[in-house]
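Q: First the structure, then my questions, so here it is.
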Amino acid sequence: MSLALQTFPTVKDANAALRASGTRYLGGGTLVVRGANEGDVSVSSLVRVTEPSLSAITVSGGRVQLGASVTMAAIARHPDLAAVAPAARAVGGPAIRNMATVGGNLFAPAPYGDFAVALLALDATVTAGTGETPIEAFLAGRDDSRAIVTAVGFSLPKADSFRFLKVSRVKPKGISVLSIAALLQRADGTVTSARIALGCMADRPMRAKAAERALLDCKLTPQEIAPALAAAGEGIAPITDPIASAWYRAEVLPVHLGRLLG
């Protein structure tokens with residue numbers, strides 16, 4: 001079975017082409033091309049876009065706008081994105097980071113999509129079609145979307161407020177056992193707000209809302225974070241794959257969350 005490639009100059013034209021059955025959008029190709037090479041016969045045509053805005057990075061007034069085709073390598077080397085660079089560097093090795101895109105990460109199934117975990121913790125917005133959608137709502141309904149994602153936006157965190165951790169068996173570029181991102185606002189050492197996102201604890205990134213609530217009004221001492229660690233597993237449905245079982249992922253989650261918060 002042949003695989004056609006269609007290239008369009010604008011997102012509008014590409015969106016129209018994606019209405020045909022058997023078509024799939026081609027970003028960096030790290031997942032969709034691999035799937036085709038492994039025999040995914042549901043895809044007969046790939047659609048790509050050359051619109052320059054998709055590869056643009058804009059940082060202005062504390063706000064970041066990443067085009068959907070921006071790669072992990074571009075984020076990792078951008079001088080204004082040092083706070084989120086560790087999450088970009090967690091995606092594969094150098095060759096993968098040169099291809100893997102922001103938009104593709106939003107659709108990557110667990111155990112992939114480490115950067116999407118960071119974006120969920122950062123309360124990002126996703127631009128697709130004519131409007132913006134909070135990332136949590138977008139991730140919940142992403143399977144139903146046929147509109148091309150064009151950009152992701154978020155407020156640039158202070159370096160000491162954003163934390164990211166990826167756990168893998170193979171260093172430095174192994175597939176995730178789990179990944180955790182946290183955005184913590186503190187006043188006088190006490191947590192005033194918290195967003196914690198988890199990877200591999202469901203088929204897509206999810207919030208650890210019970211742990212977030214337990215962290216409020218706490219200082220990040222072992223004693224005070226203990227209730228948050230105990231609550232971290234509430235609502236999770238970890239995946240089982242050749243890397244780790246669901247049981248193992250659930251068991252090590254509070255251990256690694258404690259290391260991230262400590």
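Ligands are numbered from 1 in the order shown, chains are lettered A, B, ... in the order of the structure tokens, and residues start at 1 in each chain.
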Hey, what does DSSP flag as helix (DSSP H, G or I) within region 68-233 of chain A? Can you give it to me as an MDAnalysis selection string?
A: chainID A and resid 72:77 85:89 94:97 102:107 114:121 135:140 142:144 209:215 222:231
Q: Extract, using only C-alpha atoms, all DNA, RNA and protein residues at most 12 Å from Leu119 (chain A), discarding same-chain residues fewer than 4 positions from it, and format them as a count of residues only.
A: 44
Q: From region 49-252 of chain A, collect each residue whose DSSP state is strand (DSSP E) and return the set as a PyMOL selection string.
A: chain A and resi 49+57-60+63-67+125-128+131-134+149-155+162-168+176-187+190-199+206-207
Q: Find the residues near Ala95 (chain A): any atom within 12 Å, counting only C-alpha atoms, skip ones fewer than 6 places away on the same chain, and give them as a ChimeraX atom specification.
A: /A:28-30,71-73,89,173
Q: Let's have the selection written as an mmCIF file, in the first residue's frame, with N, CA, C and O atoms.
A:
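File written: result38.cif
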data_model
loop_
_atom_site.group_PDB
_atom_site.id
_atom_site.type_symbol
_atom_site.label_atom_id
_atom_site.label_comp_id
_atom_site.auth_asym_id
_atom_site.auth_seq_id
_atom_site.Cartn_x
_atom_site.Cartn_y
_atom_site.Cartn_z
ATOM 1 N N GLY A 28 6.661 16.438 13.126
ATOM 2 C CA GLY A 28 8.043 15.979 13.085
ATOM 3 C C GLY A 28 8.170 14.562 12.571
ATOM 4 O O GLY A 28 9.247 14.140 12.134
ATOM 5 N N GLY A 29 7.086 13.802 12.639
ATOM 6 C CA GLY A 29 7.080 12.453 12.083
ATOM 7 C C GLY A 29 7.617 11.371 12.994
ATOM 8 O O GLY A 29 7.698 10.212 12.587
ATOM 9 N N THR A 30 7.944 11.707 14.238
ATOM 10 C CA THR A 30 8.556 10.702 15.112
ATOM 11 C C THR A 30 7.605 9.576 15.475
ATOM 12 O O THR A 30 8.039 8.471 15.790
ATOM 13 N N THR A 71 10.465 22.628 17.530
ATOM 14 C CA THR A 71 11.024 21.355 17.991
ATOM 15 C C THR A 71 11.537 21.449 19.427
ATOM 16 O O THR A 71 11.773 22.535 19.958
ATOM 17 N N MET A 72 11.709 20.293 20.024
ATOM 18 C CA MET A 72 12.280 20.242 21.372
ATOM 19 C C MET A 72 13.687 20.811 21.390
ATOM 20 O O MET A 72 14.097 21.472 22.355
ATOM 21 N N ALA A 73 14.452 20.590 20.319
ATOM 22 C CA ALA A 73 15.817 21.129 20.243
ATOM 23 C C ALA A 73 15.799 22.649 20.239
ATOM 24 O O ALA A 73 16.636 23.297 20.882
ATOM 25 N N ARG A 89 14.526 18.737 26.927
ATOM 26 C CA ARG A 89 15.679 17.837 26.828
ATOM 27 C C ARG A 89 15.346 16.421 27.259
ATOM 28 O O ARG A 89 16.091 15.482 26.946
ATOM 29 N N LYS A 173 18.329 8.853 27.584
ATOM 30 C CA LYS A 173 17.245 9.070 26.625
ATOM 31 C C LYS A 173 16.209 7.954 26.611
ATOM 32 O O LYS A 173 15.559 7.709 25.604
#
Q: Would you compute the distance between CA of Ile236 (chain A) and CA of Ala68 (chain A)? Give it in Å to one decimal.
A: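 Rounded to one decimal, the two atoms are 28.2 Å apart.
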Q: Could you please determine the separation between CA of Thr221 (chain A) and CA of Thr192 (chain A) in Å, to one decimal place?
A: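 Between CA of Thr221 (chain A) and CA of Thr192 (chain A) the gap is 14.9 Å.
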Q: Find the residues around region 17-19 of chain A up to 10 Å (only C-alpha atoms counted), leave out those fewer than 2 positions away in its own chain, and share them as an MDAnalysis selection string.
A: chainID A and resid 6:8 11:15 21:25 45:48 146:148
Q: Once you have the residues from the selection above, write them out as a short mmCIF file (atom, residue, chain, number, x, y, z; two decimals), in the first residue's frame, restricted to all heavy atoms.
A:
data_model
loop_
_atom_site.label_atom_id
_atom_site.label_comp_id
_atom_site.auth_asym_id
_atom_site.auth_seq_id
_atom_site.Cartn_x
_atom_site.Cartn_y
_atom_site.Cartn_z
N GLN A 6 1.14 15.06 1.02
CA GLN A 6 0.63 16.31 0.48
C GLN A 6 1.20 17.48 1.29
O GLN A 6 1.16 17.46 2.51
CB GLN A 6 -0.90 16.35 0.57
CG GLN A 6 -1.61 15.20 -0.12
CD GLN A 6 -3.11 15.30 0.08
OE1 GLN A 6 -3.79 16.15 -0.49
NE2 GLN A 6 -3.65 14.41 0.93
N THR A 7 1.73 18.47 0.59
CA THR A 7 2.32 19.64 1.25
C THR A 7 1.50 20.88 0.89
O THR A 7 1.22 21.12 -0.29
CB THR A 7 3.78 19.84 0.81
OG1 THR A 7 4.52 18.67 1.13
CG2 THR A 7 4.40 21.04 1.52
N PHE A 8 1.15 21.66 1.91
CA PHE A 8 0.33 22.86 1.71
C PHE A 8 1.03 24.08 2.31
O PHE A 8 1.73 23.97 3.32
CB PHE A 8 -1.04 22.68 2.35
CG PHE A 8 -1.85 21.56 1.76
CD1 PHE A 8 -1.81 20.28 2.33
CD2 PHE A 8 -2.63 21.76 0.64
CE1 PHE A 8 -2.55 19.25 1.79
CE2 PHE A 8 -3.38 20.73 0.10
CZ PHE A 8 -3.34 19.47 0.67
N VAL A 11 -2.24 26.56 6.80
CA VAL A 11 -3.00 25.66 7.67
C VAL A 11 -4.43 25.48 7.16
O VAL A 11 -5.00 24.39 7.22
CB VAL A 11 -3.01 26.19 9.11
CG1 VAL A 11 -3.96 25.40 9.99
CG2 VAL A 11 -1.60 26.16 9.70
N LYS A 12 -5.00 26.54 6.62
CA LYS A 12 -6.37 26.47 6.11
C LYS A 12 -6.50 25.39 5.03
O LYS A 12 -7.43 24.58 5.05
CB LYS A 12 -6.79 27.83 5.55
CG LYS A 12 -8.20 27.85 5.00
CD LYS A 12 -8.56 29.24 4.46
CE LYS A 12 -9.96 29.26 3.88
NZ LYS A 12 -10.31 30.61 3.34
N ASP A 13 -5.57 25.37 4.09
CA ASP A 13 -5.62 24.38 3.02
C ASP A 13 -5.40 22.98 3.57
O ASP A 13 -6.06 22.03 3.14
CB ASP A 13 -4.55 24.69 1.96
CG ASP A 13 -4.85 25.98 1.20
OD1 ASP A 13 -6.02 26.37 1.15
OD2 ASP A 13 -3.89 26.58 0.68
N ALA A 14 -4.50 22.85 4.52
CA ALA A 14 -4.22 21.53 5.09
C ALA A 14 -5.41 21.02 5.88
O ALA A 14 -5.72 19.82 5.85
CB ALA A 14 -2.98 21.61 5.97
N ASN A 15 -6.09 21.89 6.61
CA ASN A 15 -7.27 21.48 7.36
C ASN A 15 -8.33 20.91 6.44
O ASN A 15 -9.01 19.94 6.77
CB ASN A 15 -7.85 22.66 8.14
CG ASN A 15 -7.30 22.76 9.55
OD1 ASN A 15 -7.04 21.76 10.20
ND2 ASN A 15 -7.10 23.98 10.02
N SER A 21 -10.82 10.74 4.60
CA SER A 21 -10.51 9.59 5.45
C SER A 21 -9.11 9.06 5.11
O SER A 21 -8.65 9.16 3.97
CB SER A 21 -11.54 8.48 5.24
OG SER A 21 -11.51 8.03 3.89
N GLY A 22 -8.46 8.52 6.10
CA GLY A 22 -7.14 7.95 5.89
C GLY A 22 -6.01 8.94 5.92
O GLY A 22 -4.85 8.57 5.68
N THR A 23 -6.31 10.23 6.19
CA THR A 23 -5.25 11.24 6.22
C THR A 23 -4.78 11.46 7.65
O THR A 23 -5.54 11.30 8.61
CB THR A 23 -5.73 12.58 5.64
OG1 THR A 23 -6.86 13.05 6.39
CG2 THR A 23 -6.12 12.43 4.18
N ARG A 24 -3.53 11.84 7.79
CA ARG A 24 -2.94 12.12 9.10
C ARG A 24 -1.97 13.29 8.94
O ARG A 24 -1.24 13.38 7.96
CB ARG A 24 -2.21 10.89 9.61
CG ARG A 24 -1.72 10.99 11.05
CD ARG A 24 -2.83 10.79 12.03
NE ARG A 24 -3.49 9.50 11.89
CZ ARG A 24 -3.03 8.35 12.39
NH1 ARG A 24 -1.91 8.34 13.09
NH2 ARG A 24 -3.70 7.23 12.22
N TYR A 25 -1.99 14.17 9.92
CA TYR A 25 -1.09 15.32 9.87
C TYR A 25 0.33 14.88 10.19
O TYR A 25 0.57 14.08 11.10
CB TYR A 25 -1.53 16.40 10.86
CG TYR A 25 -0.70 17.65 10.79
CD1 TYR A 25 -0.86 18.55 9.74
CD2 TYR A 25 0.26 17.93 11.76
CE1 TYR A 25 -0.09 19.70 9.66
CE2 TYR A 25 1.03 19.07 11.69
CZ TYR A 25 0.85 19.96 10.64
OH TYR A 25 1.62 21.08 10.56
N SER A 45 -2.50 8.75 3.57
CA SER A 45 -1.97 10.03 3.11
C SER A 45 -1.52 10.88 4.29
O SER A 45 -2.22 10.97 5.31
CB SER A 45 -3.04 10.79 2.30
OG SER A 45 -2.54 12.03 1.84
N LEU A 46 -0.35 11.50 4.15
CA LEU A 46 0.17 12.41 5.16
C LEU A 46 0.07 13.84 4.65
O LEU A 46 0.33 14.12 3.48
CB LEU A 46 1.63 12.07 5.48
CG LEU A 46 1.89 10.68 6.07
CD1 LEU A 46 3.38 10.47 6.26
CD2 LEU A 46 1.14 10.50 7.38
N VAL A 47 -0.31 14.74 5.55
CA VAL A 47 -0.48 16.15 5.22
C VAL A 47 0.51 16.97 6.04
O VAL A 47 0.59 16.82 7.26
CB VAL A 47 -1.92 16.61 5.53
CG1 VAL A 47 -2.06 18.12 5.38
CG2 VAL A 47 -2.91 15.89 4.62
N ARG A 48 1.24 17.82 5.36
CA ARG A 48 2.17 18.70 6.06
C ARG A 48 1.96 20.14 5.62
O ARG A 48 1.39 20.41 4.55
CB ARG A 48 3.63 18.28 5.84
CG ARG A 48 4.11 18.39 4.41
CD ARG A 48 5.49 17.79 4.24
NE ARG A 48 6.51 18.59 4.92
CZ ARG A 48 7.24 19.54 4.34
NH1 ARG A 48 7.04 19.84 3.05
NH2 ARG A 48 8.15 20.21 5.00
N ARG A 146 -10.03 17.35 14.62
CA ARG A 146 -9.40 17.23 13.31
C ARG A 146 -8.77 18.55 12.87
O ARG A 146 -8.14 18.63 11.84
CB ARG A 146 -10.43 16.79 12.26
CG ARG A 146 -10.98 15.42 12.48
CD ARG A 146 -9.96 14.34 12.23
NE ARG A 146 -9.68 14.17 10.80
CZ ARG A 146 -8.75 13.34 10.33
NH1 ARG A 146 -8.00 12.66 11.17
NH2 ARG A 146 -8.54 13.22 9.04
N ALA A 147 -8.95 19.60 13.64
CA ALA A 147 -8.34 20.88 13.31
C ALA A 147 -6.87 20.85 13.71
O ALA A 147 -6.50 20.32 14.76
CB ALA A 147 -9.05 22.02 14.04
N ILE A 148 -6.01 21.39 12.87
CA ILE A 148 -4.58 21.39 13.12
C ILE A 148 -4.24 22.34 14.26
O ILE A 148 -4.68 23.49 14.28
CB ILE A 148 -3.81 21.81 11.84
CG1 ILE A 148 -4.01 20.76 10.75
CG2 ILE A 148 -2.32 21.99 12.13
CD1 ILE A 148 -3.45 21.17 9.40
#
Q: CA of Leu120 (chain A) and CA of Ala246 (chain A) are how many Å apart?
A: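 About the pair CA of Leu120 (chain A) and CA of Ala246 (chain A): they are 21.6 Å apart.
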Q: Could you check which of A:Leu220, A:Val33, A:Ala244, A:Ala228 is closest to Ser176 (chain A), using only C-alpha atoms?
A: A:Ala244
